[in-house]
There are 2 protein chains.
Amino acid sequence: MPAIKTNRNSSKKEVIISKAAKLFREKGFSATSMRDLAENVGVEAASLYNHIRSKAEILQEICFRVANQFMTHLEETENSKQSSIAKVQSILQFHIRQMIHNYEAVHVADREWKHLTDPYLSNFKTQRKTYRQRLAGIIEQGIAKKEIKKIDAPTAVLIMLHAVSGIESWHRSKQKISAEHLEENMVIILVEGLRAG
Amino acid sequence: MPAIKTNRNSSKKEVIISKAAKLFREKGFSATSMRDLAENVGVEAASLYNHIRSKAEILQEICFRVANQFMTHLEETENSKQSSIAKVQSILQFHIRQMIHNYEAVHVADREWKHLTDPYLSNFKTQRKTYRQRLAGIIEQGIAKKEIKKIDAPTAVLIMLHAVSGIESWHRSKQKISAEHLEENMVIILVEGLRAG
DNA sequence: GAAACCTACTAATAAGTGTTAGTTTTGCAG
DNA sequence: CTGCAAAACTAACACTTATTAGTAGGTTTC
């Protein structure tokens with residue numbers, strides 16, 4: 001039965017991808033060898049290839065899963081009936097929460113996507129660009145409605161998205177404030193930085 | 001005379017470090033080979049070793065030069081007589097300008113320092129931590145003096161520093177706004193996000 | 001012009017890379 | 001218990017890695 005096989009197969013594949021995300025984050029894609037990964041999974045390097053096609057495929061899975069989550073949430077937000085600034089805040093909060101709870105994968109997708117190879121690389125870059133443009137669009141609507149101060153929208157996007165990746169430092173720090181407190185502070189600084197008035 | 005020798009030696013060394021910074025930024029430290037670098041310098045890989053001791057040394061030079069620049073500026077700012085929020089703004093502007101005009105090296109120091117090896121790695125991490133703590137200190141003074149709103153200072157530092165690294169996207173983008181406009185927008189969003197009131 | 005040098009080269013080293021072939025072990029279905 | 005497929009293993013592959021040794025050409029210093 002392929003059902004059971006696929007099930008077992010894919011659960012081991014998930015372990016591999018999850019361990020890979022951890023290692024890719026810690027050491028980077030290029031500095032992580034298949035033997036490193038194998039050791040972390042508890043298996044010989046060659047055995048990994050019973051579950052995955054290549055090292056490149058692992059990175060693809062990580063990057064596009066993350067990209068899809070963000071794209072889905074963006075679409076939901078675009079279609080919702082909220083003020084522009086509430087939409088921006090919702091997207092910011094989604095980024096923060098993803099960065100807190102799906103840290104490894106999100107961070108890898110953010111920092112290691114350059115090591116994708118075509119056609120995946122072009123595809124990813126296009127998605128990334130589209131995402132940012134649509135987010136900038138929401139901000140521009142907010143400016144038009146005078147909810148948001150007159151700023152360059154792409155610059156605001158750039159600040160927001162990169163500020164969020166600073167949560168990496170939070171993860172590494174010893175005396176962390178709570179996740180809720182972190183989210184709250186980030187929202188205050190960034191959203192208030194945008195609000196008109 | 002070692003003077004002349006050192007002079008010529010070091011000018012070629014500067015070329016190597018500069019090309020290395022470009023490649024390390026584009027492809028990452030691990031994915032850049034000495035042969036890649038040699039080709040960009042216009043020389044055989046082995047010849048690089050007449051000028052540098054190792055691949056690791058190149059990264060060290062890049063990282064610590066950048067770190068020293070920032071540390072020096074921080075000290076100057078700490079000793080100046082300005083309001084806390086003006087100090088924060090000055091530091092932010094320094095980061096923005098460095099990121100614009102010394103892009104390759106600053107970006108590498110920011111993203112690739114993990115590939116340093118001890119004792120340089122520990123040293124760098126300590127400097128980084130110290131820098132952030134002192135910047136947080138300035139923000140806390142601003143909060144105490146009610147110039148800055150009541151927020152978690154380390155979180156504010158994290159947002160500021162990472163937002164700045166978003167200038168990477170600005171460098172890559174086609175239709176860039178001007179450097180001055182970029183700086184202005186970033187300062188508005190981030191400093192106003194901090195200001196009390 | 002000779003001595004000392006810097007810097008380029010070719011060639012080679014040992015270790016590490018992702019990945020494949022072929023074989024043995026494991027664990028479940030009949 | 002038998003048979004079969006999934007997944008582990010060992011061994012090897014063809015390359016690439018950073019780096020060293022040894023050497024030749026060119027420039028500077030006396």
# chains A, B, ... in the order shown; residues from 1 in each chain; ligands from 1
$ calpha_fit_and_write --fixed "chain A" --moving "chain B" --output "compact mmCIF listing (two decimals) with C-alpha atoms, in the first residue's frame"
# COMPACT_ATOMS: atom_id res chain seq x y z
CA MET B 1 -0.20 0.42 -0.91
CA PRO B 2 1.58 3.66 -1.55
CA ALA B 3 -0.45 5.36 1.19
CA ILE B 4 1.36 3.78 4.10
CA LYS B 5 4.68 3.89 2.39
CA THR B 6 4.30 7.57 1.66
CA ASN B 7 3.29 8.14 5.21
CA ARG B 8 6.30 6.56 6.81
CA ASN B 9 8.52 7.90 4.10
CA SER B 10 7.34 11.41 4.62
CA SER B 11 7.62 11.34 8.40
CA LYS B 12 11.31 10.53 8.11
CA LYS B 13 11.57 13.12 5.40
CA GLU B 14 10.10 15.64 7.82
CA VAL B 15 12.76 14.78 10.38
CA ILE B 16 15.44 15.34 7.78
CA ILE B 17 14.02 18.67 6.69
CA SER B 18 13.60 19.82 10.25
CA LYS B 19 17.15 18.91 11.25
CA ALA B 20 18.40 20.46 8.04
CA ALA B 21 16.61 23.71 8.83
CA LYS B 22 18.32 23.79 12.21
CA LEU B 23 21.75 23.19 10.69
CA PHE B 24 21.26 25.54 7.76
CA ARG B 25 20.36 28.27 10.22
CA GLU B 26 23.31 27.60 12.51
CA LYS B 27 26.02 27.13 9.91
CA GLY B 28 24.50 28.19 6.60
CA PHE B 29 23.54 26.02 3.66
CA SER B 30 26.98 25.78 2.08
CA ALA B 31 28.78 25.05 5.31
CA THR B 32 26.40 22.22 6.19
CA SER B 33 27.45 18.92 4.68
CA MET B 34 25.23 15.95 4.03
CA ARG B 35 27.43 14.08 6.52
CA ASP B 36 26.70 16.71 9.17
CA LEU B 37 23.03 16.34 8.47
CA ALA B 38 23.18 12.54 8.45
CA GLU B 39 24.89 12.52 11.82
CA ASN B 40 22.17 14.73 13.27
CA VAL B 41 19.48 12.47 11.86
CA GLY B 42 21.32 9.44 13.20
CA VAL B 43 22.03 7.71 9.91
CA GLU B 44 24.73 7.40 7.25
CA ALA B 45 24.90 10.13 4.62
CA ALA B 46 23.97 7.82 1.76
CA SER B 47 20.80 6.75 3.56
CA LEU B 48 19.39 10.25 3.35
CA TYR B 49 18.91 9.68 -0.35
CA ASN B 50 16.20 7.12 0.33
CA HIS B 51 14.08 10.05 1.49
CA ILE B 52 15.22 13.10 -0.40
CA ARG B 53 16.43 13.62 -3.93
CA SER B 54 19.27 16.02 -3.22
CA LYS B 55 20.62 18.63 -0.83
CA ALA B 56 19.12 21.26 -3.10
CA GLU B 57 15.67 19.75 -2.73
CA ILE B 58 15.79 20.18 1.03
CA LEU B 59 16.42 23.89 0.66
CA GLN B 60 13.64 24.15 -1.89
CA GLU B 61 11.15 22.52 0.44
CA ILE B 62 12.09 24.81 3.29
CA CYS B 63 11.95 27.98 1.24
CA PHE B 64 8.72 27.36 -0.62
CA ARG B 65 6.78 26.08 2.37
CA VAL B 66 7.60 29.29 4.17
CA ALA B 67 6.88 31.42 1.14
CA ASN B 68 3.48 29.80 0.72
CA GLN B 69 2.49 30.43 4.31
CA PHE B 70 3.27 34.11 4.00
CA MET B 71 1.60 34.44 0.66
CA THR B 72 -1.56 32.77 1.94
CA HIS B 73 -1.75 35.06 4.93
CA LEU B 74 -1.16 38.11 2.77
CA GLU B 75 -4.09 37.17 0.56
CA GLU B 76 -6.37 36.65 3.51
CA THR B 77 -5.42 40.03 4.85
CA GLU B 78 -5.89 41.79 1.54
CA ASN B 79 -9.42 40.39 1.31
CA SER B 80 -10.36 41.34 4.87
CA LYS B 81 -12.26 44.48 5.74
CA GLN B 82 -9.94 46.37 8.05
CA SER B 83 -8.25 49.73 7.97
CA SER B 84 -4.97 49.76 6.10
CA ILE B 85 -2.98 50.25 9.25
CA ALA B 86 -4.74 47.28 10.85
CA LYS B 87 -3.80 45.21 7.82
CA VAL B 88 -0.20 46.25 8.14
CA GLN B 89 -0.27 45.44 11.83
CA SER B 90 -1.79 42.03 11.13
CA ILE B 91 0.92 41.21 8.62
CA LEU B 92 3.61 42.43 10.95
CA GLN B 93 2.25 40.28 13.75
CA PHE B 94 2.12 37.26 11.48
CA HIS B 95 5.78 37.77 10.61
CA ILE B 96 6.71 38.15 14.25
CA ARG B 97 4.84 35.04 15.30
CA GLN B 98 6.22 32.97 12.47
CA MET B 99 9.69 34.16 13.34
CA ILE B 100 9.14 33.16 16.95
CA HIS B 101 7.45 29.81 16.48
CA ASN B 102 8.78 28.59 13.14
CA TYR B 103 12.14 30.19 13.61
CA GLU B 104 14.48 27.74 11.91
CA ALA B 105 12.61 27.43 8.64
CA VAL B 106 11.65 31.09 8.37
CA HIS B 107 15.16 32.21 9.05
CA VAL B 108 16.60 29.82 6.48
CA ALA B 109 14.09 30.92 3.86
CA ASP B 110 15.08 34.50 4.60
CA ARG B 111 18.85 34.11 4.58
CA GLU B 112 19.74 31.08 2.50
CA TRP B 113 17.43 31.37 -0.50
CA LYS B 114 20.36 32.65 -2.56
CA HIS B 115 21.63 29.10 -2.71
CA LEU B 116 18.57 27.93 -4.59
CA THR B 117 19.26 27.10 -8.20
CA ASP B 118 17.15 27.91 -11.22
CA PRO B 119 14.30 27.56 -11.93
CA TYR B 120 13.58 27.64 -8.19
CA LEU B 121 15.74 30.66 -7.62
CA SER B 122 13.92 32.83 -10.17
CA ASN B 123 10.61 31.57 -8.94
CA PHE B 124 11.45 32.44 -5.34
CA LYS B 125 12.73 35.88 -6.22
CA THR B 126 9.58 36.61 -8.15
CA GLN B 127 7.37 35.55 -5.26
CA ARG B 128 9.42 37.63 -2.86
CA LYS B 129 9.19 40.66 -5.05
CA THR B 130 5.47 40.25 -5.56
CA TYR B 131 4.91 39.88 -1.84
CA ARG B 132 6.75 43.09 -1.09
CA GLN B 133 4.98 45.00 -3.80
CA ARG B 134 1.58 43.96 -2.52
CA LEU B 135 2.54 44.87 1.02
CA ALA B 136 3.75 48.23 -0.25
CA GLY B 137 0.38 48.55 -1.97
CA ILE B 138 -1.44 48.22 1.33
CA ILE B 139 0.77 50.89 2.85
CA GLU B 140 0.13 53.20 -0.09
CA GLN B 141 -3.61 52.78 0.40
CA GLY B 142 -3.09 53.76 4.02
CA ILE B 143 -1.20 56.85 2.95
CA ALA B 144 -3.94 57.78 0.50
CA LYS B 145 -6.51 57.42 3.27
CA LYS B 146 -4.27 59.47 5.58
CA GLU B 147 -4.02 56.65 8.10
CA ILE B 148 -0.31 56.41 7.45
CA LYS B 149 2.18 59.26 7.25
CA LYS B 150 3.63 60.24 3.91
CA ILE B 151 6.62 58.00 3.50
CA ASP B 152 8.14 55.90 0.77
CA ALA B 153 6.17 52.66 0.95
CA PRO B 154 8.90 50.31 -0.33
CA THR B 155 11.24 51.72 2.32
CA ALA B 156 8.66 51.06 5.00
CA VAL B 157 8.30 47.48 3.79
CA LEU B 158 12.03 47.00 3.86
CA ILE B 159 12.24 48.28 7.43
CA MET B 160 9.37 46.14 8.64
CA LEU B 161 10.55 42.91 7.11
CA HIS B 162 14.13 43.29 8.15
CA ALA B 163 13.31 44.46 11.63
CA VAL B 164 11.41 41.24 12.10
CA SER B 165 14.42 39.18 11.18
CA GLY B 166 16.09 40.76 14.19
CA ILE B 167 14.14 38.27 16.26
CA GLU B 168 17.07 36.03 15.48
CA SER B 169 19.02 38.01 18.09
CA TRP B 170 16.20 37.62 20.55
CA HIS B 171 16.34 33.85 20.16
CA ARG B 172 20.05 33.87 20.85
CA SER B 173 19.95 36.20 23.82
CA LYS B 174 20.17 34.92 27.39
CA GLN B 175 17.80 37.12 29.30
CA LYS B 176 14.91 37.16 26.85
CA ILE B 177 11.78 39.15 27.44
CA SER B 178 8.65 37.07 26.84
CA ALA B 179 7.42 36.43 23.31
CA GLU B 180 4.28 38.48 24.00
CA HIS B 181 6.28 41.37 25.33
CA LEU B 182 8.57 41.23 22.32
CA GLU B 183 5.69 41.27 19.89
CA GLU B 184 4.04 44.12 21.72
CA ASN B 185 7.18 46.25 21.68
CA MET B 186 7.89 45.63 18.04
CA VAL B 187 4.36 46.51 17.05
CA ILE B 188 4.47 49.71 19.08
CA ILE B 189 7.70 50.95 17.59
CA LEU B 190 7.00 49.99 14.01
CA VAL B 191 3.29 50.72 13.72
CA GLU B 192 3.55 53.99 15.60
CA GLY B 193 6.44 54.89 13.33
CA LEU B 194 4.04 54.64 10.42
CA ARG B 195 0.88 56.13 11.86
CA ALA B 196 -0.05 59.58 10.65
CA GLY B 197 -0.35 62.48 13.06
$ select_by_dssp --residues "chain B" --states "alpha helix (DSSP H)" --output "PyMOL selection string"
chain B and resi 2-27+34-41+55-79+84-101+103-111+120-144+153-165+167-172+179-194
$ residues_around --residues "segment 21-29 of chain D" --least-positions-apart "2" --cutoff "9 Å" --atoms "only C-alpha atoms (C1' of nucleotides)" --output "MDAnalysis selection string"
(chainID B and resid 1) or (chainID C and resid 3:12)
$ write_last_selection --atoms "C-alpha atoms (C1' of nucleotides)" --output "PDB file, in the first residue's frame"
ATOM      1  CA  MET B   1      63.334  48.722   3.176  1.00  0.00           C
TER       2      MET B   1
ATOM      3  C1'  DA C   3      72.203  40.400  -4.158  1.00  0.00           C
ATOM      4  C1'  DA C   4      67.910  40.379  -2.142  1.00  0.00           C
ATOM      5  C1'  DC C   5      63.347  40.730  -2.555  1.00  0.00           C
ATOM      6  C1'  DC C   6      58.583  40.202  -3.932  1.00  0.00           C
ATOM      7  C1'  DT C   7      55.254  37.995  -6.480  1.00  0.00           C
ATOM      8  C1'  DA C   8      53.729  35.256  -9.946  1.00  0.00           C
ATOM      9  C1'  DC C   9      53.565  30.503 -11.614  1.00  0.00           C
ATOM     10  C1'  DT C  10      52.943  25.016 -11.813  1.00  0.00           C
ATOM     11  C1'  DA C  11      52.253  20.952  -9.339  1.00  0.00           C
ATOM     12  C1'  DA C  12      50.857  18.483  -5.695  1.00  0.00           C
TER      13       DA C  12
END
$ closest_atom_pairs --of "chain C" --to "chain A" --cutoff "8 Å" --atoms "only C-alpha atoms (C1' of nucleotides)" --output "JSON lines"
{"residue": "C:DT17", "atom": "C1'", "partner": "A:Ser33", "partner_atom": "CA", "distance": 7.6}
{"residue": "C:DG18", "atom": "C1'", "partner": "A:Met34", "partner_atom": "CA", "distance": 7.4}
{"residue": "C:DT19", "atom": "C1'", "partner": "A:Ala46", "partner_atom": "CA", "distance": 7.9}
$ interface_residues --of "chain D" --to "chain A" --cutoff "9 Å" --atoms "only C-alpha atoms (C1' of nucleotides)" --output "PyMOL selection string"
chain D and resi 6-9
$ residues_around --residues "DT13 of chain C" --least-positions-apart "3" --cutoff "12 Å" --atoms "only C-alpha atoms (C1' of nucleotides)" --output "ChimeraX atom specification"
/D:17-21
$ write_last_selection --atoms "N, CA and C atoms (P, O5', C5', C4', C3', O3' and C1' of nucleotides)" --output "PDB file, in the first residue's frame"
ATOM      1  P    DT D  17      35.696  24.691  -5.412  1.00  0.00           P
ATOM      2  O5'  DT D  17      36.455  24.396  -4.036  1.00  0.00           O
ATOM      3  C5'  DT D  17      35.690  24.065  -2.866  1.00  0.00           C
ATOM      4  C4'  DT D  17      36.614  23.753  -1.708  1.00  0.00           C
ATOM      5  C3'  DT D  17      37.794  24.676  -1.559  1.00  0.00           C
ATOM      6  O3'  DT D  17      37.375  25.829  -0.877  1.00  0.00           O
ATOM      7  C1'  DT D  17      38.445  22.402  -1.213  1.00  0.00           C
ATOM      8  P    DA D  18      38.283  27.153  -0.905  1.00  0.00           P
ATOM      9  O5'  DA D  18      39.456  26.860   0.138  1.00  0.00           O
ATOM     10  C5'  DA D  18      39.142  26.606   1.491  1.00  0.00           C
ATOM     11  C4'  DA D  18      40.395  26.176   2.227  1.00  0.00           C
ATOM     12  C3'  DA D  18      41.496  27.236   2.272  1.00  0.00           C
ATOM     13  O3'  DA D  18      42.089  27.243   3.559  1.00  0.00           O
ATOM     14  C1'  DA D  18      42.310  25.277   1.178  1.00  0.00           C
ATOM     15  P    DT D  19      43.181  28.339   3.916  1.00  0.00           P
ATOM     16  O5'  DT D  19      44.508  27.583   3.503  1.00  0.00           O
ATOM     17  C5'  DT D  19      44.759  26.303   4.080  1.00  0.00           C
ATOM     18  C4'  DT D  19      45.964  25.658   3.425  1.00  0.00           C
ATOM     19  C3'  DT D  19      47.198  26.566   3.338  1.00  0.00           C
ATOM     20  O3'  DT D  19      48.182  26.035   4.230  1.00  0.00           O
ATOM     21  C1'  DT D  19      46.889  25.267   1.376  1.00  0.00           C
ATOM     22  P    DT D  20      49.592  26.774   4.431  1.00  0.00           P
ATOM     23  O5'  DT D  20      50.554  25.852   3.555  1.00  0.00           O
ATOM     24  C5'  DT D  20      50.642  24.461   3.834  1.00  0.00           C
ATOM     25  C4'  DT D  20      51.647  23.815   2.894  1.00  0.00           C
ATOM     26  C3'  DT D  20      53.001  24.523   2.817  1.00  0.00           C
ATOM     27  O3'  DT D  20      54.019  23.544   3.041  1.00  0.00           O
ATOM     28  C1'  DT D  20      52.120  24.187   0.641  1.00  0.00           C
ATOM     29  P    DA D  21      55.544  24.007   3.197  1.00  0.00           P
ATOM     30  O5'  DA D  21      56.137  23.521   1.798  1.00  0.00           O
ATOM     31  C5'  DA D  21      55.542  22.422   1.118  1.00  0.00           C
ATOM     32  C4'  DA D  21      56.415  21.992  -0.048  1.00  0.00           C
ATOM     33  C3'  DA D  21      57.814  22.608  -0.083  1.00  0.00           C
ATOM     34  O3'  DA D  21      58.715  21.669  -0.645  1.00  0.00           O
ATOM     35  C1'  DA D  21      56.550  23.383  -1.950  1.00  0.00           C
TER      36       DA D  21
END
$ atom_distance --atom1 "atom C1' of DT25 of chain C" --atom2 "atom C1' of DA5 of chain D"
12.3 Å
$ closest_residue --among "C:DG1, C:DG27, C:DG22, C:DG16" --to "DA11 of chain D" --atoms "only C-alpha atoms (C1' of nucleotides)"
C:DG22
